[in-house]
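Engineer: Provided below: entry39.txt, containing compact mmCIF, C-alpha atoms.
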# COMPACT_ATOMS: atom_id res chain seq x y z
CA MET V 1 3.00 14.70 3.45
CA LYS V 2 4.43 17.09 0.94
CA GLN V 3 7.67 18.64 2.15
CA LYS V 4 9.56 21.69 0.98
CA ASN V 5 12.03 21.11 -1.82
CA ASN V 6 15.69 21.40 -0.99
CA HIS V 7 16.39 23.76 -3.91
CA HIS V 8 20.05 22.76 -3.86
CA TYR V 9 19.07 19.38 -5.38
CA GLU V 10 15.98 20.38 -7.34
CA GLU V 11 15.63 19.17 -10.92
CA LYS V 12 13.73 21.65 -13.10
CA THR V 13 11.37 20.00 -15.59
CA LEU V 14 12.10 21.22 -19.12
CA SER V 15 9.57 19.04 -20.94
CA THR V 16 7.16 16.16 -20.35
CA GLU V 17 6.22 13.50 -22.88
CA PRO V 18 3.17 11.39 -21.94
CA ILE V 19 3.77 7.76 -22.94
CA PHE V 20 0.79 5.83 -21.58
CA SER V 21 -2.34 6.51 -19.54
CA GLY V 22 -4.04 3.46 -18.05
CA ARG V 23 -6.57 2.47 -15.42
CA VAL V 24 -4.02 2.41 -12.59
CA ILE V 25 -0.93 4.32 -13.73
CA SER V 26 0.36 6.81 -16.25
CA LEU V 27 3.86 6.84 -17.69
CA GLN V 28 5.80 9.88 -18.80
CA VAL V 29 9.34 10.86 -19.76
CA ASP V 30 10.60 14.17 -18.43
CA GLN V 31 13.65 16.09 -19.61
CA VAL V 32 15.15 17.82 -16.58
CA GLN V 33 17.83 20.33 -15.83
CA LEU V 34 20.11 19.04 -13.09
CA PRO V 35 21.49 21.20 -10.27
CA ASN V 36 24.85 21.38 -12.11
CA GLY V 37 23.16 22.80 -15.24
CA LYS V 38 23.35 19.61 -17.33
CA THR V 39 20.22 17.85 -18.62
CA SER V 40 18.96 14.32 -18.11
CA THR V 41 15.94 12.11 -18.73
CA ARG V 42 13.58 10.79 -16.04
CA GLU V 43 11.08 7.97 -16.68
CA LEU V 44 8.18 8.47 -14.28
CA VAL V 45 5.23 6.41 -13.11
CA LYS V 46 2.30 8.56 -11.95
CA HIS V 47 -0.07 6.86 -9.52
CA PRO V 48 -3.23 8.18 -7.80
CA GLY V 49 -2.12 6.90 -4.38
CA ALA V 50 -3.24 3.96 -2.29
CA VAL V 51 -4.12 2.75 1.17
CA SER V 52 -3.15 -0.27 3.22
CA VAL V 53 -4.93 -1.59 6.30
CA ILE V 54 -3.39 -3.27 9.34
CA ALA V 55 -6.53 -4.99 10.64
CA PHE V 56 -6.65 -6.87 13.95
CA THR V 57 -9.33 -9.35 14.98
CA LYS V 58 -10.67 -9.56 18.54
CA GLU V 59 -8.49 -12.67 18.90
CA GLU V 60 -5.36 -10.54 18.24
CA LYS V 61 -4.77 -11.91 14.76
CA ILE V 62 -3.91 -9.86 11.69
CA ILE V 63 -6.06 -10.10 8.57
CA LEU V 64 -4.10 -10.88 5.41
CA VAL V 65 -5.01 -11.65 1.83
CA GLU V 66 -3.20 -13.92 -0.57
CA GLN V 67 -3.49 -12.97 -4.20
CA TYR V 68 -1.71 -13.50 -7.48
CA ARG V 69 0.53 -10.64 -8.59
CA LYS V 70 1.13 -10.73 -12.34
CA PRO V 71 4.34 -8.60 -12.31
CA LEU V 72 5.93 -11.24 -10.06
CA GLU V 73 4.19 -14.25 -11.68
CA ARG V 74 3.25 -15.60 -8.24
CA ALA V 75 0.96 -15.13 -5.28
CA LEU V 76 1.86 -12.88 -2.33
CA VAL V 77 0.49 -12.64 1.19
CA GLU V 78 -0.34 -9.01 1.94
CA ILE V 79 -2.34 -6.75 4.19
CA PRO V 80 -5.52 -5.45 2.50
CA ALA V 81 -4.79 -2.52 0.20
CA GLY V 82 -6.03 -0.67 -2.83
CA LYS V 83 -5.79 2.47 -4.90
CA LEU V 84 -7.55 5.74 -4.22
CA GLU V 85 -10.48 6.49 -6.50
CA PRO V 86 -10.87 10.06 -7.81
CA GLY V 87 -12.26 12.32 -5.07
CA GLU V 88 -12.16 9.57 -2.44
CA GLU V 89 -10.58 10.28 0.95
CA PRO V 90 -7.95 7.74 2.08
CA LEU V 91 -10.00 6.61 5.11
CA GLU V 92 -13.01 5.88 2.88
CA THR V 93 -10.77 3.88 0.54
CA ALA V 94 -9.39 1.94 3.51
CA LYS V 95 -12.88 1.07 4.76
CA ARG V 96 -13.99 0.02 1.27
CA GLU V 97 -10.90 -2.11 0.63
CA LEU V 98 -11.13 -3.87 4.00
CA GLU V 99 -14.76 -4.81 3.32
CA GLU V 100 -14.23 -5.80 -0.33
CA GLU V 101 -11.07 -7.85 0.16
CA THR V 102 -11.73 -9.49 3.54
CA GLY V 103 -15.44 -9.37 4.33
CA TYR V 104 -14.75 -7.44 7.55
CA SER V 105 -15.74 -3.97 8.70
CA ALA V 106 -14.15 -2.10 11.60
CA SER V 107 -15.56 0.37 14.11
CA GLU V 108 -12.18 1.75 15.21
CA TRP V 109 -9.78 3.40 12.76
CA GLU V 110 -6.44 5.12 13.21
CA SER V 111 -4.34 6.86 10.57
CA LEU V 112 -0.81 5.58 11.18
CA THR V 113 1.51 7.03 8.53
CA SER V 114 2.09 7.46 4.80
CA PHE V 115 5.08 6.40 2.72
CA TYR V 116 6.32 6.45 -0.87
CA THR V 117 6.74 2.99 -2.38
CA SER V 118 9.41 3.62 -5.03
CA PRO V 119 10.38 7.32 -5.12
CA GLY V 120 13.18 6.73 -7.63
CA PHE V 121 10.63 6.38 -10.44
CA ALA V 122 7.07 6.56 -9.03
CA ASP V 123 5.00 9.07 -7.04
CA GLU V 124 2.74 6.45 -5.38
CA LEU V 125 1.96 7.45 -1.79
CA VAL V 126 0.46 4.74 0.45
CA HIS V 127 -1.62 5.81 3.47
CA VAL V 128 -1.48 3.23 6.29
CA PHE V 129 -4.43 2.71 8.63
CA VAL V 130 -4.98 0.49 11.65
CA ALA V 131 -8.44 -1.10 11.96
CA LYS V 132 -9.74 -2.66 15.17
CA ASN V 133 -13.02 -4.00 16.53
CA LEU V 134 -13.64 -6.01 13.39
CA GLU V 135 -17.00 -7.51 12.56
CA LYS V 136 -17.50 -10.17 9.90
CA LEU V 137 -19.99 -8.95 7.32
CA PRO V 138 -22.99 -11.24 6.65
CA THR V 139 -22.49 -11.08 2.87
CA GLU V 140 -19.98 -12.68 0.51
CA LEU V 141 -16.77 -10.89 -0.49
CA THR V 142 -17.33 -8.16 -3.07
CA THR V 143 -13.86 -8.03 -4.63
CA ASP V 144 -13.31 -6.39 -8.00
CA GLU V 145 -14.34 -8.69 -10.86
CA ASP V 146 -10.68 -9.27 -11.79
CA GLU V 147 -9.52 -9.81 -8.18
CA PHE V 148 -9.28 -13.22 -6.49
CA VAL V 149 -8.11 -13.47 -2.88
CA ASP V 150 -7.88 -15.91 0.00
CA VAL V 151 -8.34 -14.34 3.44
CA LYS V 152 -5.99 -15.42 6.22
CA GLU V 153 -5.89 -14.69 9.94
CA TRP V 154 -2.43 -15.08 11.47
CA THR V 155 -1.00 -14.62 14.93
CA LEU V 156 2.05 -12.41 15.43
CA SER V 157 4.36 -15.43 15.61
CA GLU V 158 2.90 -16.83 12.36
CA ALA V 159 3.40 -13.47 10.62
CA GLN V 160 6.96 -13.15 11.96
CA ALA V 161 7.79 -16.64 10.71
CA ALA V 162 6.34 -15.75 7.29
CA VAL V 163 8.63 -12.70 7.07
CA ARG V 164 11.64 -14.81 8.06
CA ASP V 165 10.95 -17.65 5.63
CA GLY V 166 9.99 -15.40 2.70
CA ARG V 167 6.25 -16.04 2.54
CA ILE V 168 5.81 -12.31 3.26
CA GLN V 169 7.91 -10.31 0.81
CA ASP V 170 5.64 -7.31 0.34
CA ALA V 171 7.05 -4.11 1.92
CA LYS V 172 3.78 -2.76 3.32
CA THR V 173 3.04 -6.13 4.94
CA ALA V 174 6.53 -6.45 6.43
CA TYR V 175 6.01 -2.92 7.78
CA ALA V 176 2.72 -4.05 9.34
CA VAL V 177 4.44 -6.97 11.10
CA LEU V 178 7.15 -4.64 12.41
CA TYR V 179 4.49 -2.22 13.67
CA TRP V 180 2.71 -5.11 15.41
CA GLU V 181 5.97 -6.21 17.06
CA LEU V 182 6.52 -2.67 18.36
CA LEU V 183 2.97 -2.57 19.73
CA GLN V 184 3.57 -5.79 21.64
CA LYS V 185 6.80 -4.42 23.16
CA LYS V 186 4.98 -1.26 24.31
CA GLY V 187 2.34 -3.42 25.66
Could you write out this structure as structure tokens?
Structural biologist:
Amino acid sequence: MKQKNNHHYEEKTLSTEPIFSGRVISLQVDQVQLPNGKTSTRELVKHPGAVSVIAFTKEEKIILVEQYRKPLERALVEIPAGKLEPGEEPLETAKRELEEETGYSASEWESLTSFYTSPGFADELVHVFVAKNLEKLPTELTTDEDEFVDVKEWTLSEAQAAVRDGRIQDAKTAYAVLYWELLQKKG
């Protein structure tokens, strides 16, 4: 999804100071030269990328997970998602995350799009997949040891209501509901 730079607006990096390197993100401060020749500071979050999965059951319901999000100090309802592991292709990550977080596998996959979550300070790119022909796995959920989720199956009208009343406030999940609405209109 990398596009050519519009050199008219390009900021040339003069120096980079690593601040933190963690399990999920790295932080750095860059000194940049602006297009007008002046300098400025940019605080950047480096992220390995992620996937999200819009998964539909045979009953035309969407699979969602509710989980606690520490930065917000509350639980959110979201579509299944997770970060890319080193060397892992996005589709493989999507399949793994769907199975781990929901206990479902899918036999039909479609790559839908990719988008940047917060390009003003982070380089995280989320790859969006659609999963169909779901089968419930015979085993228990195999979430990460620090991950606790409740799996939900909602109809389109339930998901739309959740967006309207604020139960869905996650951007990738609101995008999934919009995509679903568009599918129904094409229908």
Engineer: Choose the residue, out of V:Tyr179, V:Pro86, V:Ala122, V:Glu100, that has the smallest atom-to-atom separation from Thr139 (chain V); count only C-alpha atoms.
Structural biologist: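 For Thr139 (chain V), the nearest of the candidates is V:Glu100.
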Engineer: Have a look at V:Ser52, V:Asn133, V:Ser40, V:Gln31 and name the one nearest to Ser111 (chain V); count all atoms listed in the file.
Structural biologist: V:Ser52
Engineer: Which one of V:Pro80, V:Pro90, V:Pro35, V:Pro119 sits closest to Val151 (chain V) if you count all atoms listed in the file?
Structural biologist: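 Answer, going by the shortest atom-to-atom distance: V:Pro80.
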Engineer: Return as JSON the centre and edge lengths, in Å with one decimal, of the box along x, y and z that encloses every atom of region 162-172 of chain V in the file, padded by 5 Å per side.
Structural biologist:
{"center_x": 7.7, "center_y": -10.2, "center_z": 4.2, "size_x": 17.9, "size_y": 24.9, "size_z": 17.7}
Engineer: Identify which of the residues V:Lys152, V:Tyr104, V:Arg164, V:Val130 lies closest to Leu183 (chain V), counting all atoms listed in the file when measuring atom-to-atom distances.
Structural biologist: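 Comparing V:Lys152, V:Tyr104, V:Arg164, V:Val130 against Leu183 (chain V), the winner is V:Val130.
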Engineer: Within 8 Å of (-6.8, -3.7, -14.5) (file coordinates; all atoms listed in the file), which protein or nucleic acid residues are there? I'd like them as a ChimeraX atom specification.
Structural biologist: /V:23-24,146
Engineer: Could the residues in this selection be saved with C-alpha atoms as an mmCIF file, in the coordinates of the input?
Structural biologist:
data_model
loop_
_atom_site.group_PDB
_atom_site.id
_atom_site.type_symbol
_atom_site.label_atom_id
_atom_site.label_comp_id
_atom_site.auth_asym_id
_atom_site.auth_seq_id
_atom_site.Cartn_x
_atom_site.Cartn_y
_atom_site.Cartn_z
ATOM 1 C CA ARG V 23 -6.570 2.470 -15.420
ATOM 2 C CA VAL V 24 -4.020 2.410 -12.590
ATOM 3 C CA ASP V 146 -10.680 -9.270 -11.790
#
Engineer: Any idea what the distance is between CA of Leu14 (chain V) and CA of Asp123 (chain V)?
Structural biologist: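 Going from CA of Leu14 (chain V) over to CA of Asp123 (chain V) covers 18.5 Å.
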